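Novice: So here's structure05.txt, just compact mmCIF, C-alpha atoms:
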# COMPACT_ATOMS: atom_id res chain seq x y z
CA MET R 1 88.14 -67.40 87.90
CA ASN R 2 86.80 -67.76 91.42
CA THR R 3 85.14 -64.91 93.27
CA VAL R 4 87.16 -63.67 96.22
CA GLU R 5 85.82 -62.01 99.32
CA PRO R 6 87.07 -59.25 101.59
CA ILE R 7 88.42 -60.24 104.97
CA ARG R 8 85.59 -58.85 107.09
CA ASP R 9 87.00 -59.62 110.55
CA GLY R 10 89.51 -56.96 111.58
CA GLU R 11 91.21 -59.32 114.03
CA LEU R 12 91.68 -61.86 111.25
CA VAL R 13 93.27 -59.17 109.07
CA LEU R 14 95.82 -58.57 111.83
CA ASP R 15 96.35 -62.32 112.35
CA ILE R 16 97.09 -62.83 108.66
CA ALA R 17 99.45 -59.84 108.73
CA ASP R 18 101.31 -61.36 111.69
CA TYR R 19 101.44 -64.73 109.96
CA LEU R 20 102.94 -63.17 106.81
CA ARG R 21 105.40 -61.06 108.82
CA GLY R 22 106.71 -64.22 110.45
CA ARG R 23 107.19 -65.91 107.08
CA ASN R 24 108.53 -63.16 104.82
CA GLN R 25 108.87 -59.39 105.27
CA ARG R 26 108.18 -58.69 101.58
CA ASP R 27 104.91 -60.64 101.67
CA TYR R 28 103.83 -58.89 104.87
CA VAL R 29 104.52 -55.45 103.39
CA MET R 30 102.67 -56.40 100.17
CA PHE R 31 99.63 -57.43 102.23
CA MET R 32 99.70 -54.23 104.28
CA PHE R 33 100.28 -52.10 101.18
CA GLY R 34 97.21 -53.65 99.57
CA ILE R 35 94.85 -53.24 102.50
CA TYR R 36 95.97 -49.66 103.12
CA SER R 37 95.99 -48.48 99.49
CA GLY R 38 93.09 -50.23 97.76
CA LEU R 39 95.19 -50.61 94.62
CA ARG R 40 94.84 -53.54 92.26
CA ILE R 41 97.65 -56.08 92.49
CA CYS R 42 98.92 -55.18 89.01
CA ASP R 43 99.47 -51.61 90.25
CA ILE R 44 100.94 -52.66 93.60
CA LEU R 45 103.57 -54.81 91.93
CA GLN R 46 104.80 -51.86 89.82
CA VAL R 47 105.63 -49.64 92.80
CA ARG R 48 109.32 -48.89 93.26
CA VAL R 49 111.17 -47.72 96.34
CA ARG R 50 111.49 -44.20 94.88
CA ASP R 51 107.69 -43.98 94.68
CA VAL R 52 107.36 -44.17 98.47
CA ARG R 53 110.69 -43.08 100.00
CA GLY R 54 110.23 -39.74 101.75
CA LYS R 55 106.80 -39.28 100.22
CA ASP R 56 103.48 -38.40 101.82
CA TYR R 57 101.49 -39.34 98.70
CA ILE R 58 101.63 -41.94 96.00
CA VAL R 59 100.87 -40.82 92.47
CA GLN R 60 100.31 -43.58 89.98
CA ARG R 61 98.60 -44.21 86.64
CA GLU R 62 96.30 -47.20 87.05
CA LYS R 63 97.05 -49.97 84.61
CA LYS R 64 93.40 -50.96 84.07
CA THR R 65 91.77 -47.52 83.75
CA ARG R 66 94.83 -45.49 82.64
CA LYS R 67 93.62 -42.81 85.07
CA GLU R 68 96.05 -41.06 87.37
CA ARG R 69 95.46 -41.71 91.03
CA ARG R 70 96.91 -39.76 93.96
CA PHE R 71 96.41 -40.81 97.56
CA PRO R 72 98.11 -40.25 100.90
CA ILE R 73 100.29 -42.91 102.44
CA ASN R 74 98.56 -43.88 105.67
CA LYS R 75 100.75 -43.20 108.73
CA SER R 76 100.71 -46.88 109.76
CA LEU R 77 101.75 -47.93 106.25
CA LYS R 78 104.40 -45.20 106.14
CA LYS R 79 106.06 -46.65 109.23
CA ILE R 80 105.99 -50.18 107.77
CA LEU R 81 107.43 -48.94 104.47
CA ALA R 82 110.19 -46.87 106.09
CA GLU R 83 111.52 -49.91 107.92
CA TYR R 84 111.17 -52.15 104.86
CA ILE R 85 112.97 -49.86 102.36
CA ARG R 86 115.73 -48.70 104.71
CA ASP R 87 118.46 -50.71 102.89
CA LYS R 88 116.88 -50.74 99.43
CA LYS R 89 117.91 -48.73 96.36
CA ASP R 90 115.47 -46.22 94.86
CA TYR R 91 115.28 -48.09 91.54
CA GLU R 92 114.25 -51.40 93.14
CA PHE R 93 110.71 -52.70 92.96
CA LEU R 94 109.11 -52.85 96.40
CA PHE R 95 108.06 -56.45 95.89
CA LYS R 96 111.11 -57.75 94.10
CA SER R 97 111.33 -61.29 92.84
CA PRO R 98 114.24 -63.27 94.27
CA ASN R 99 114.51 -65.13 90.94
CA ALA R 100 114.85 -62.17 88.55
CA PRO R 101 117.18 -59.19 88.65
CA ASN R 102 115.08 -56.21 89.67
CA LYS R 103 111.72 -57.50 88.52
CA PRO R 104 108.65 -57.63 90.73
CA ILE R 105 107.05 -60.87 91.75
CA THR R 106 104.36 -62.04 89.36
CA ARG R 107 100.61 -61.84 89.90
CA GLN R 108 100.67 -65.63 90.24
CA GLN R 109 103.31 -65.45 92.97
CA ALA R 110 101.25 -62.80 94.77
CA TYR R 111 98.17 -65.00 94.48
CA ASN R 112 100.05 -68.03 95.85
CA ILE R 113 101.29 -65.99 98.82
CA LEU R 114 97.85 -64.62 99.70
CA SER R 115 95.95 -67.82 98.98
CA GLY R 116 98.42 -69.77 101.12
CA ALA R 117 97.98 -67.32 104.00
CA GLY R 118 94.21 -67.63 103.68
CA LYS R 119 94.39 -71.43 103.73
CA ALA R 120 96.51 -71.26 106.91
CA PHE R 121 93.45 -69.65 108.52
CA GLY R 122 90.86 -71.90 106.90
CA LEU R 123 89.82 -69.35 104.26
CA ASP R 124 89.31 -70.50 100.69
CA GLY R 125 88.08 -67.33 98.98
CA ILE R 126 91.33 -65.38 99.31
CA GLY R 127 93.23 -64.04 96.31
CA THR R 128 94.98 -60.94 95.10
CA HIS R 129 91.75 -58.97 94.81
CA THR R 130 91.01 -59.70 98.47
CA LEU R 131 93.37 -56.86 99.41
CA ARG R 132 91.38 -54.26 97.46
CA LYS R 133 88.05 -55.62 98.64
CA THR R 134 89.25 -55.68 102.27
CA PHE R 135 90.34 -52.06 101.94
CA GLY R 136 86.93 -51.07 100.53
CA TYR R 137 84.95 -53.09 103.05
CA HIS R 138 86.72 -51.68 106.12
CA LEU R 139 86.73 -48.14 104.73
CA TYR R 140 82.97 -48.42 104.26
CA LYS R 141 82.45 -49.87 107.75
CA GLN R 142 84.51 -47.06 109.31
CA THR R 143 82.99 -44.19 107.31
CA ASN R 144 79.53 -45.48 106.29
CA ASP R 145 80.13 -43.48 103.12
CA ALA R 146 79.47 -45.72 100.11
CA ALA R 147 79.86 -42.78 97.71
CA LEU R 148 83.37 -42.12 99.00
CA VAL R 149 84.32 -45.80 98.65
CA MET R 150 82.80 -45.82 95.16
CA ASP R 151 84.90 -42.79 94.20
CA ILE R 152 88.13 -44.19 95.67
CA LEU R 153 87.66 -47.57 93.98
CA ASN R 154 86.74 -45.75 90.77
CA HIS R 155 83.42 -47.54 90.32
CA SER R 156 80.65 -46.08 88.17
CA ASP R 157 77.70 -47.15 90.33
CA ILE R 158 77.07 -47.39 94.08
CA HIS R 159 75.44 -50.80 93.67
CA ILE R 160 78.58 -52.16 92.04
CA THR R 161 80.63 -50.92 95.00
CA LEU R 162 78.33 -52.42 97.62
CA ARG R 163 78.31 -55.77 95.84
CA TYR R 164 82.08 -55.59 95.26
CA ILE R 165 82.95 -55.07 98.93
CA GLY R 166 80.45 -57.68 100.08
CA VAL R 167 78.06 -55.36 101.90
CA ASN R 168 75.07 -56.49 99.84
CA GLN R 169 75.83 -60.11 100.74
CA ASP R 170 76.11 -59.18 104.43
CA CYS R 171 72.70 -57.47 104.28
CA ARG R 172 71.09 -60.43 102.50
CA ASP R 173 72.59 -62.87 105.02
CA LYS R 174 71.32 -60.76 107.91
CA ALA R 175 67.84 -60.54 106.38
CA TYR R 176 67.68 -64.32 105.94
CA ASN R 177 68.98 -64.96 109.45
CA ASN R 178 66.58 -62.48 111.06
CA LEU R 179 63.49 -63.73 109.24
CA SER R 180 61.12 -65.33 111.75
CA PHE R 181 57.59 -66.63 111.63
CA SER R 182 57.49 -67.60 115.27
CA ARG R 183 55.54 -65.86 118.04
Here is the file; what I need is its structure written in the form of structure tokens.
Specialist:
Amino acid sequence: MNTVEPIRDGELVLDIADYLRGRNQRDYVMFMFGIYSGLRICDILQVRVRDVRGKDYIVQREKKTRKERRFPINKSLKKILAEYIRDKKDYEFLFKSPNAPNKPITRQQAYNILSGAGKAFGLDGIGTHTLRKTFGYHLYKQTNDAALVMDILNHSDIHITLRYIGVNQDCRDKAYNNLSFSR
């Protein structure tokens, strides 16, 4: 399995969102849901319309940790979701597969969508986990609170979080680039 990176450039995040919106509304909403929620793709794909319609919070048991997670639906995401689910039934999966009656797309389909969008912008290290890492990276950059990001991502150690969201790599790169022996 290849290591994926967060999308560090905020403008590029918006460009990819626009690209996906132009191709497929479902894929666009999945991308936005991921970067605004920080959920793992396996948890994103299990969300149904009833889980978000008229709600201010999402409550979900994480598949990996089996822990319950409750978080507010960001106002920007809420607007995107309201438009997307307008004509959908409560029992439908948000990211429904066109090939199966009321089943979500697969992790592989989600990967293909995101990887393809990344390739359209010359990015190779894009996958399903990129959404969660992008969420964590930008939350950290906006708050400078690694402990908060660690708690939200449910990590056990701050160093794991910093490595996970790519901040350690950024710091190492900066240190290498700023090293000078000249006068």
Novice: Closest to Ser76 of chain R among R:Gln169, R:Gln46, R:Ser37, R:Thr128, using only C-alpha atoms?
Specialist: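 So, comparing all the options, the nearest one is R:Ser37.
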Novice: Counting all atoms listed in the file, which residues in segment 47-157 of chain R sit no more than 9 Å from segment 9-24 of chain R? For each one, give the nearest pair of atoms and the distance in Å, sorted by chain then residue number, as a tab-separated table.
Specialist:
residue	atom	partner	partner_atom	distance
R:Ile113	CA	R:Leu20	CA	8.6
R:Leu114	CA	R:Leu20	CA	8.9
R:Ala117	CA	R:Ile16	CA	6.5
R:Gly118	CA	R:Ile16	CA	7.5
R:Ala120	CA	R:Ile16	CA	8.6
R:Phe121	CA	R:Ile16	CA	7.7
R:Thr134	CA	R:Val13	CA	8.6
R:His138	CA	R:Gly10	CA	8.1
Novice: Create the file for the chosen residues now, containing C-alpha atoms and written as a compact mmCIF listing (two decimals), in the coordinates of the input.
Specialist:
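Resulting contents of out_3.txt:
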# COMPACT_ATOMS: atom_id res chain seq x y z
CA ILE R 113 101.29 -65.99 98.82
CA LEU R 114 97.85 -64.62 99.70
CA ALA R 117 97.98 -67.32 104.00
CA GLY R 118 94.21 -67.63 103.68
CA ALA R 120 96.51 -71.26 106.91
CA PHE R 121 93.45 -69.65 108.52
CA THR R 134 89.25 -55.68 102.27
CA HIS R 138 86.72 -51.68 106.12
Novice: Using Å and a single decimal, report how far atom CA of Gly34 of chain R sits from atom CA of Lys89 of chain R.
Specialist: 21.5 Å
Novice: Rounded to one decimal in Å, what is the spacing between atom CA of Lys133 of chain R and atom CA of Thr3 of chain R?
Specialist: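 One can read the atom CA of Lys133 of chain R to atom CA of Thr3 of chain R distance as 11.1 Å.
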Novice: Can you tell me, as a list of chain:residue names, which residues sit within 12 Å of (100.5, -65.1, 93.7) in the file's frame, using all atoms listed in the file?
Specialist: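 Looking at atoms near the point gives R:Asp27, R:Met30, R:Phe31, R:Ile41, R:Cys42, R:Leu45, R:Phe95, R:Ser97, R:Pro104, R:Ile105, R:Thr106, R:Arg107, R:Gln108, R:Gln109, R:Ala110, R:Tyr111, R:Asn112, R:Ile113, R:Leu114, R:Ser115, R:Gly116, R:Ala117, R:Ile126, R:Gly127, R:Thr128, R:His129, R:Thr130.
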Novice: How many Å lie between atom CA of Leu162 of chain R and atom CA of Asp56 of chain R, rounded to one decimal?
Specialist: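 Atom CA of Asp56 of chain R lies at a distance of 29.1 Å from atom CA of Leu162 of chain R.
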Novice: So for segment 127-140 of chain R, what box centre and size do we get, axis-aligned, 6 Å extra on each of the six sides, every listed atom, Å to one decimal, as AutoDock Vina command-line options?
Specialist:
--center_x 89.0 --center_y -56.1 --center_z 100.5 --size_x 24.0 --size_y 27.9 --size_z 23.3
Novice: Take the point (95.9, -47.9, 107.9) in the file's coordinates, draw a sphere of radius 8 Å around it, and report as a list in words every protein, DNA or RNA residue with an atom inside or on it, counting only C-alpha atoms.
Specialist: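 Collected hits near the coordinates: Ile35, Tyr36, Asn74, Lys75, Ser76 and Leu77 of chain R.
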Novice: Do you know which residues are at most 12 Å from Leu148 of chain R counting all atoms listed in the file, after dropping those on the same chain fewer than 5 positions away, and could you put them as a VMD selection string?
Specialist: chain R and resid 136 to 137 139 to 143 153 to 158 161 to 162
Novice: Find the spatial neighbours of segment 81-86 of chain R, counting all atoms listed in the file, within a cut-off of 10 Å - ignore same-chain residues fewer than 2 positions away - and output them as a list in words.
Specialist: Gln25, Arg26, Tyr28, Val29, Met30, Met32, Phe33, Arg48, Val49, Arg50, Val52, Arg53, Gly54, Ile73, Lys75, Ser76, Leu77, Lys78, Lys79, Lys88, Lys89, Asp90, Glu92 and Leu94 of chain R
Novice: Nearest to Leu131 of chain R among R:Val47, R:Ile80, R:Ala146, R:Val4, with distances taken over all atoms listed in the file: which residue is it?
Specialist: R:Val4
Novice: Fewer than 3 positions away in the same chain doesn't count, so skip those; otherwise give me all residues within 7 Å of Arg40 of chain R, counting all atoms listed in the file, as a short mmCIF file (atom, residue, chain, number, x, y, z; two decimals) with C-alpha atoms, keeping the file's coordinate frame.
Specialist:
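Here's the written file around.cif:
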data_model
loop_
_atom_site.label_atom_id
_atom_site.label_comp_id
_atom_site.auth_asym_id
_atom_site.auth_seq_id
_atom_site.Cartn_x
_atom_site.Cartn_y
_atom_site.Cartn_z
CA ASP R 43 99.47 -51.61 90.25
CA ILE R 44 100.94 -52.66 93.60
CA HIS R 129 91.75 -58.97 94.81
CA ARG R 132 91.38 -54.26 97.46
#
Novice: Env of Phe71 of chain R: 7 Å cut, atoms = only C-alpha atoms, seq-sep filter 2 positions within chain, self excluded. Answer as a PDB file with C-alpha atoms, in the frame of the given file.
Specialist:
ATOM      1  CA  TYR R  57     101.490 -39.340  98.700  1.00  0.00           C
ATOM      2  CA  ILE R  58     101.630 -41.940  96.000  1.00  0.00           C
ATOM      3  CA  VAL R  59     100.870 -40.820  92.470  1.00  0.00           C
ATOM      4  CA  ARG R  69      95.460 -41.710  91.030  1.00  0.00           C
ATOM      5  CA  ILE R  73     100.290 -42.910 102.440  1.00  0.00           C
TER       6      ILE R  73
END
